[in-house]
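S.K.: I'd like to ask you about the structure that follows.
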Amino acid sequence: MAEYLRLGVNIDHVATIRNARGGIHPDPVRAAKLAATAGADGITAHLREDRRHISDEDIERLSREIELPLNFEMAPTDEMIEIALRHLPHAACLVPEKREERTTEGGLDVAVQHNVVAPVVRCLADAGIRVSLFVEPDKVQLAVARELGAQVVELHTGSYCDATGDDQIRQLDRIVEAAQYTRELGLECHAGHGLTFETVGPVAAIPEVRELNIGHFLVGEAIFGGLDSAIKRMRGLMDQARAEANGQQTA
Ligand code: PXP
């Protein structure tokens, strides 16, 4: 039986909308509190170097005001390490960051960046923070993540979500194989990026995946039907895919 699949709701883009006008509306901390009542198991927020959405004050307020575990997405830089050590979130997910990108376009290349990432993983883990590395579904990346001492890897699902037809099936197979390999390596497996009502099912059905982090689509859907309803529907689709996969395993 696959274990319970957690949903981390990423609230970055509530802050994107707020920042479009400046001021305080809509408030990402209010969204985080609402996500908790709608069925989220954790809150994810990415403090980017250019502060394009989440602000330092948001991180402070999230750390103080929310009861769900906070997953702090961060680039492996001295500035972000200092902020993580100040707030001691439940988890930190190391992501690559380029100023010119619209979103996190690929996974962190932990093979190439090994020497940069190694001390960051150690420092955060020593502070009691659960360290996750956001990587492409690729065996080399996973093996290096293990070597680096990360407890968790988050598989980048962007290529799968962007693909269509046979290519989408190929991209899903890469995620399935990578997830199976995390079990061999003893890594906890998370996944996320670009997931929607249409694409979430096959990823939720992968038994090794323990957590999905989903943001942009939920905030977009909230415009049409409210955040509560978008999160509940996503939660329902995840649970349904998981239950079907478990049924197939025991049948
Ligand atoms: N996981 C990680 C590591 C991310 O960087 C992001 C995007 O910030 C997400 C999950 C959520 O992606 P999306 O907003 O496309 O659902």
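The chains in the structure tokens are called A, B, ... from first to last as shown; in each chain the residues are counted from 1, and the ligands are counted from 1 in the order shown.
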Using only C-alpha atoms and all ligand atoms, which protein or nucleic acid residues are at most 10 Å from ligand 1, as number ranges by chain?
M.R.: A: 8-13, 44-48, 71-75, 92-97, 103-108, 132-135, 153-158, 161, 190-196, 212-220
S.K.: Would you mind listing what lies within 12 Å of Arg183 (chain A) as a list in words, with only C-alpha atoms counted and same-chain residues fewer than 3 positions away left out?
M.R.: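 Non-adjacent residues within range: Lys139, Leu142, Ala143, Arg146, Gln151, Val152, Val153, Val176, Glu177, Ala178, Ala179, Gln180, Gly186, Leu187, Glu188, Cys189, His190, Ile206, Pro207, Glu208, Val209 and Arg210 of chain A.
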S.K.: Which neighbours of Pro89 (chain A) fall inside 9 Å, counting only C-alpha atoms, when residues of the same chain fewer than 2 positions from it are skipped, and could you give them as a PyMOL selection string?
M.R.: chain A and resi 63+69-72+84-87+91-92+129-130
S.K.: Filtering to all heavy atoms, could you give me those residues as a short mmCIF file (atom, residue, chain, number, x, y, z; two decimals), in the first residue's frame?
M.R.:
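Generated file (result39.cif):
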data_model
loop_
_atom_site.label_atom_id
_atom_site.label_comp_id
_atom_site.auth_asym_id
_atom_site.auth_seq_id
_atom_site.Cartn_x
_atom_site.Cartn_y
_atom_site.Cartn_z
N SER A 63 6.25 32.09 9.33
CA SER A 63 6.92 31.34 10.40
C SER A 63 6.19 31.53 11.73
O SER A 63 6.09 30.60 12.53
CB SER A 63 8.37 31.82 10.58
OG SER A 63 9.05 31.73 9.37
N PRO A 69 3.48 22.81 8.64
CA PRO A 69 4.91 22.88 8.38
C PRO A 69 5.21 23.80 7.19
O PRO A 69 4.48 23.77 6.19
CB PRO A 69 5.30 21.44 8.03
CG PRO A 69 4.11 20.59 8.29
CD PRO A 69 2.93 21.45 8.54
N LEU A 70 6.25 24.62 7.34
CA LEU A 70 6.65 25.53 6.25
C LEU A 70 7.82 24.92 5.48
O LEU A 70 8.82 24.52 6.06
CB LEU A 70 7.06 26.89 6.84
CG LEU A 70 7.57 27.92 5.82
CD1 LEU A 70 6.49 28.31 4.81
CD2 LEU A 70 8.11 29.17 6.53
N ASN A 71 7.64 24.84 4.18
CA ASN A 71 8.70 24.38 3.28
C ASN A 71 9.26 25.62 2.58
O ASN A 71 8.58 26.25 1.78
CB ASN A 71 8.08 23.40 2.27
CG ASN A 71 9.05 22.95 1.20
OD1 ASN A 71 10.26 22.90 1.42
ND2 ASN A 71 8.52 22.64 0.03
N PHE A 72 10.48 25.98 2.92
CA PHE A 72 11.10 27.22 2.44
C PHE A 72 11.94 26.89 1.20
O PHE A 72 12.99 26.24 1.30
CB PHE A 72 11.97 27.76 3.58
CG PHE A 72 12.69 29.04 3.29
CD1 PHE A 72 12.03 30.17 2.86
CD2 PHE A 72 14.07 29.12 3.49
CE1 PHE A 72 12.71 31.35 2.61
CE2 PHE A 72 14.76 30.30 3.25
CZ PHE A 72 14.08 31.42 2.81
N ALA A 84 17.11 31.25 6.42
CA ALA A 84 16.61 29.93 6.85
C ALA A 84 17.02 29.66 8.30
O ALA A 84 16.21 29.18 9.10
CB ALA A 84 17.13 28.84 5.93
N LEU A 85 18.25 29.99 8.63
CA LEU A 85 18.72 29.71 10.00
C LEU A 85 17.99 30.59 11.02
O LEU A 85 17.81 30.21 12.17
CB LEU A 85 20.23 29.90 10.10
CG LEU A 85 21.07 28.91 9.28
CD1 LEU A 85 22.56 29.19 9.44
CD2 LEU A 85 20.76 27.46 9.66
N ARG A 86 17.58 31.79 10.57
CA ARG A 86 16.86 32.68 11.48
C ARG A 86 15.46 32.14 11.78
O ARG A 86 14.97 32.19 12.89
CB ARG A 86 16.77 34.07 10.84
CG ARG A 86 16.22 35.14 11.73
CD ARG A 86 16.84 36.52 11.48
NE ARG A 86 17.33 36.76 10.14
CZ ARG A 86 16.67 37.41 9.17
NH1 ARG A 86 15.45 37.84 9.39
NH2 ARG A 86 17.23 37.62 8.00
N HIS A 87 14.81 31.56 10.75
CA HIS A 87 13.41 31.15 10.93
C HIS A 87 13.23 29.66 11.20
O HIS A 87 12.16 29.23 11.62
CB HIS A 87 12.59 31.54 9.70
CG HIS A 87 12.51 33.02 9.51
ND1 HIS A 87 11.88 33.84 10.41
CD2 HIS A 87 13.01 33.83 8.56
CE1 HIS A 87 11.98 35.09 10.02
NE2 HIS A 87 12.67 35.12 8.89
N ALA A 91 11.22 22.51 6.66
CA ALA A 91 12.01 21.97 5.54
C ALA A 91 12.53 23.11 4.67
O ALA A 91 11.93 24.19 4.62
CB ALA A 91 11.13 21.04 4.70
N ALA A 92 13.64 22.83 4.01
CA ALA A 92 14.15 23.77 3.01
C ALA A 92 14.39 22.99 1.73
O ALA A 92 14.97 21.90 1.77
CB ALA A 92 15.45 24.41 3.49
N ILE A 129 16.94 21.36 10.03
CA ILE A 129 15.99 21.58 8.93
C ILE A 129 16.06 20.37 7.98
O ILE A 129 17.15 19.88 7.68
CB ILE A 129 16.35 22.88 8.16
CG1 ILE A 129 16.31 24.08 9.11
CG2 ILE A 129 15.43 23.08 6.96
CD1 ILE A 129 16.88 25.37 8.52
N ARG A 130 14.89 19.92 7.56
CA ARG A 130 14.84 18.78 6.63
C ARG A 130 15.20 19.30 5.24
O ARG A 130 14.51 20.18 4.71
CB ARG A 130 13.40 18.26 6.66
CG ARG A 130 13.20 16.90 6.13
CD ARG A 130 11.84 16.40 6.58
NE ARG A 130 11.47 15.22 5.82
CZ ARG A 130 12.03 14.03 6.01
NH1 ARG A 130 12.95 13.86 6.91
NH2 ARG A 130 11.63 13.01 5.28
#
S.K.: From a DSSP pass on the backbone, collect the residues of region 23-90 of chain A flagged as strand (DSSP E) and hand them back as a list in words.
M.R.: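 Those in region 23-90 of chain A that DSSP calls strand (DSSP E) are Gly42, Ile43, Thr44, Ala45, His46, Leu70, Asn71, Phe72, Glu73 and Met74 of chain A.
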S.K.: Neighbouring residues of region 17-22 of chain A were defined as those with any atom within 12 Å, considering only C-alpha atoms; residues of the same chain fewer than 6 positions away were excluded. Please report them as a list in words.
M.R.: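 In the requested format, the answer is Ile11, Pro28, Val29, Ala31, Arg51, Arg52, His53, Ile54, Ser55, Asp58, His216, Val219, Gly220 and Ile223 of chain A.
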S.K.: Output all heavy atoms for every residue in that selection, as a compact mmCIF listing (two decimals), in the first residue's frame.
M.R.:
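Output file out-v3.txt follows:
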# COMPACT_ATOMS: atom_id res chain seq x y z
N ILE A 11 2.18 29.29 -2.11
CA ILE A 11 1.39 30.53 -2.11
C ILE A 11 2.12 31.71 -2.78
O ILE A 11 1.66 32.85 -2.68
CB ILE A 11 1.02 30.91 -0.66
CG1 ILE A 11 2.27 30.85 0.23
CG2 ILE A 11 -0.05 29.99 -0.10
CD1 ILE A 11 2.25 31.78 1.36
N PRO A 28 -0.77 36.64 1.25
CA PRO A 28 -0.39 35.22 1.15
C PRO A 28 -0.52 34.46 2.47
O PRO A 28 -0.74 33.24 2.46
CB PRO A 28 1.07 35.26 0.69
CG PRO A 28 1.53 36.66 0.78
CD PRO A 28 0.32 37.54 0.85
N VAL A 29 -0.42 35.16 3.60
CA VAL A 29 -0.56 34.45 4.88
C VAL A 29 -2.02 34.04 5.08
O VAL A 29 -2.32 32.95 5.57
CB VAL A 29 -0.05 35.32 6.05
CG1 VAL A 29 -0.21 34.58 7.38
CG2 VAL A 29 1.42 35.69 5.83
N ALA A 31 -3.96 33.32 2.63
CA ALA A 31 -4.11 32.16 1.72
C ALA A 31 -3.57 30.90 2.38
O ALA A 31 -4.15 29.82 2.25
CB ALA A 31 -3.38 32.44 0.41
N ARG A 51 13.02 39.12 -4.89
CA ARG A 51 11.79 39.36 -4.11
C ARG A 51 10.60 39.68 -5.02
O ARG A 51 9.77 40.51 -4.71
CB ARG A 51 11.96 40.52 -3.10
CG ARG A 51 13.17 40.42 -2.18
CD ARG A 51 13.12 39.17 -1.30
NE ARG A 51 14.03 39.24 -0.17
CZ ARG A 51 15.30 38.79 -0.16
NH1 ARG A 51 15.81 38.22 -1.24
NH2 ARG A 51 16.04 38.90 0.93
N ARG A 52 10.51 38.96 -6.13
CA ARG A 52 9.42 39.29 -7.07
C ARG A 52 8.04 38.92 -6.54
O ARG A 52 7.04 39.46 -6.98
CB ARG A 52 9.67 38.65 -8.44
CG ARG A 52 9.56 37.16 -8.42
CD ARG A 52 9.70 36.57 -9.80
NE ARG A 52 11.05 36.67 -10.31
CZ ARG A 52 11.52 35.93 -11.30
NH1 ARG A 52 10.73 35.06 -11.90
NH2 ARG A 52 12.76 36.03 -11.70
N HIS A 53 7.98 37.94 -5.65
CA HIS A 53 6.66 37.65 -5.06
C HIS A 53 6.74 37.64 -3.52
O HIS A 53 6.39 38.62 -2.89
CB HIS A 53 6.01 36.37 -5.64
CG HIS A 53 6.92 35.24 -5.98
ND1 HIS A 53 7.73 34.65 -5.05
CD2 HIS A 53 7.14 34.57 -7.16
CE1 HIS A 53 8.39 33.66 -5.63
NE2 HIS A 53 8.08 33.60 -6.92
N ILE A 54 7.17 36.54 -2.94
CA ILE A 54 7.24 36.46 -1.47
C ILE A 54 8.29 37.45 -0.94
O ILE A 54 9.37 37.60 -1.52
CB ILE A 54 7.59 35.00 -1.06
CG1 ILE A 54 6.43 34.06 -1.40
CG2 ILE A 54 7.98 34.90 0.41
CD1 ILE A 54 5.16 34.25 -0.60
N SER A 55 7.93 38.13 0.17
CA SER A 55 8.84 39.11 0.77
C SER A 55 9.44 38.55 2.06
O SER A 55 8.94 37.55 2.60
CB SER A 55 8.06 40.39 1.09
OG SER A 55 7.14 40.12 2.14
N ASP A 58 6.77 38.36 4.58
CA ASP A 58 5.88 37.18 4.42
C ASP A 58 6.48 35.97 5.12
O ASP A 58 5.77 35.21 5.79
CB ASP A 58 5.69 36.83 2.94
CG ASP A 58 4.92 37.88 2.16
OD1 ASP A 58 4.08 38.55 2.77
OD2 ASP A 58 5.16 38.01 0.94
N HIS A 216 1.00 27.52 -8.75
CA HIS A 216 0.52 28.45 -9.77
C HIS A 216 -0.88 28.11 -10.26
O HIS A 216 -1.76 28.97 -10.36
CB HIS A 216 1.52 28.48 -10.94
CG HIS A 216 1.16 29.45 -12.01
ND1 HIS A 216 0.44 29.09 -13.13
CD2 HIS A 216 1.38 30.78 -12.12
CE1 HIS A 216 0.25 30.15 -13.89
NE2 HIS A 216 0.81 31.19 -13.30
N VAL A 219 -3.64 28.88 -7.63
CA VAL A 219 -3.93 30.32 -7.49
C VAL A 219 -4.71 30.81 -8.72
O VAL A 219 -5.65 31.60 -8.60
CB VAL A 219 -2.63 31.12 -7.26
CG1 VAL A 219 -2.89 32.61 -7.24
CG2 VAL A 219 -1.96 30.68 -5.95
N GLY A 220 -4.35 30.30 -9.90
CA GLY A 220 -5.10 30.65 -11.11
C GLY A 220 -6.54 30.19 -11.04
O GLY A 220 -7.48 30.94 -11.34
N ILE A 223 -9.22 32.14 -9.04
CA ILE A 223 -9.90 33.29 -9.65
C ILE A 223 -11.32 32.88 -10.07
O ILE A 223 -12.26 33.65 -9.96
CB ILE A 223 -9.11 33.79 -10.88
CG1 ILE A 223 -7.76 34.36 -10.43
CG2 ILE A 223 -9.91 34.80 -11.70
CD1 ILE A 223 -6.79 34.63 -11.56
S.K.: Could you please determine the separation between CA of Glu198 (chain A) and CA of Glu211 (chain A) in Å, to one decimal place?
M.R.: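 So the answer is 17.5 Å.
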S.K.: Report as a PyMOL selection string: the residues of region 24-151 of chain A with a DSSP assignment of alpha helix (DSSP H), based on the backbone of this structure.
M.R.: chain A and resi 28-38+56-65+78-87+114-126+139-147
S.K.: Export, as a PDB file, in the first residue's frame, the selected residues with C-alpha atoms.
M.R.:
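Listed below is the output, out-v2.pdb:
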ATOM      1  CA  PRO A  28      -0.388  35.217   1.152  1.00  0.00           C
ATOM      2  CA  VAL A  29      -0.556  34.450   4.880  1.00  0.00           C
ATOM      3  CA  ARG A  30      -4.363  34.537   4.716  1.00  0.00           C
ATOM      4  CA  ALA A  31      -4.114  32.163   1.717  1.00  0.00           C
ATOM      5  CA  ALA A  32      -1.870  29.863   3.763  1.00  0.00           C
ATOM      6  CA  LYS A  33      -4.406  29.771   6.602  1.00  0.00           C
ATOM      7  CA  LEU A  34      -7.214  29.052   4.179  1.00  0.00           C
ATOM      8  CA  ALA A  35      -5.131  26.314   2.513  1.00  0.00           C
ATOM      9  CA  ALA A  36      -4.810  24.645   5.915  1.00  0.00           C
ATOM     10  CA  THR A  37      -8.570  24.436   6.346  1.00  0.00           C
ATOM     11  CA  ALA A  38      -9.037  23.271   2.732  1.00  0.00           C
ATOM     12  CA  ASP A  56      11.025  38.820   3.848  1.00  0.00           C
ATOM     13  CA  GLU A  57       8.060  39.955   5.911  1.00  0.00           C
ATOM     14  CA  ASP A  58       5.885  37.185   4.418  1.00  0.00           C
ATOM     15  CA  ILE A  59       8.438  34.602   5.550  1.00  0.00           C
ATOM     16  CA  GLU A  60       8.507  36.131   9.012  1.00  0.00           C
ATOM     17  CA  ARG A  61       4.720  36.113   9.257  1.00  0.00           C
ATOM     18  CA  LEU A  62       4.391  32.594   7.844  1.00  0.00           C
ATOM     19  CA  SER A  63       6.922  31.341  10.403  1.00  0.00           C
ATOM     20  CA  ARG A  64       5.023  33.061  13.210  1.00  0.00           C
ATOM     21  CA  GLU A  65       1.395  32.647  12.211  1.00  0.00           C
ATOM     22  CA  ASP A  78      24.622  32.874   1.879  1.00  0.00           C
ATOM     23  CA  GLU A  79      21.743  35.338   2.095  1.00  0.00           C
ATOM     24  CA  MET A  80      19.105  32.578   1.986  1.00  0.00           C
ATOM     25  CA  ILE A  81      21.014  30.365   4.413  1.00  0.00           C
ATOM     26  CA  GLU A  82      21.052  33.211   6.921  1.00  0.00           C
ATOM     27  CA  ILE A  83      17.277  33.685   6.539  1.00  0.00           C
ATOM     28  CA  ALA A  84      16.606  29.934   6.852  1.00  0.00           C
ATOM     29  CA  LEU A  85      18.720  29.714  10.001  1.00  0.00           C
ATOM     30  CA  ARG A  86      16.856  32.680  11.482  1.00  0.00           C
ATOM     31  CA  HIS A  87      13.407  31.153  10.929  1.00  0.00           C
ATOM     32  CA  HIS A 114      28.215  19.603  -5.907  1.00  0.00           C
ATOM     33  CA  ASN A 115      30.767  21.806  -4.142  1.00  0.00           C
ATOM     34  CA  VAL A 116      28.320  24.696  -3.737  1.00  0.00           C
ATOM     35  CA  VAL A 117      25.462  22.521  -2.509  1.00  0.00           C
ATOM     36  CA  ALA A 118      27.373  20.223  -0.125  1.00  0.00           C
ATOM     37  CA  PRO A 119      28.095  22.803   2.624  1.00  0.00           C
ATOM     38  CA  VAL A 120      24.565  24.229   2.355  1.00  0.00           C
ATOM     39  CA  VAL A 121      22.976  20.812   2.900  1.00  0.00           C
ATOM     40  CA  ARG A 122      25.255  20.221   5.888  1.00  0.00           C
ATOM     41  CA  CYS A 123      24.613  23.618   7.433  1.00  0.00           C
ATOM     42  CA  LEU A 124      20.805  23.408   7.138  1.00  0.00           C
ATOM     43  CA  ALA A 125      20.677  19.778   8.271  1.00  0.00           C
ATOM     44  CA  ASP A 126      22.863  20.592  11.300  1.00  0.00           C
ATOM     45  CA  LYS A 139      19.478   8.848 -11.855  1.00  0.00           C
ATOM     46  CA  VAL A 140      22.799  10.717 -11.756  1.00  0.00           C
ATOM     47  CA  GLN A 141      21.169  13.678 -10.009  1.00  0.00           C
ATOM     48  CA  LEU A 142      19.520  11.359  -7.495  1.00  0.00           C
ATOM     49  CA  ALA A 143      22.696   9.448  -6.722  1.00  0.00           C
ATOM     50  CA  VAL A 144      24.553  12.722  -6.122  1.00  0.00           C
ATOM     51  CA  ALA A 145      21.685  14.006  -3.953  1.00  0.00           C
ATOM     52  CA  ARG A 146      22.088  10.907  -1.796  1.00  0.00           C
ATOM     53  CA  GLU A 147      25.850  11.423  -1.613  1.00  0.00           C
TER      54      GLU A 147
END
S.K.: To one decimal in Å, tell me the separation between CA of Ala163 (chain A) and CA of Ala150 (chain A).
M.R.: 28.9 Å
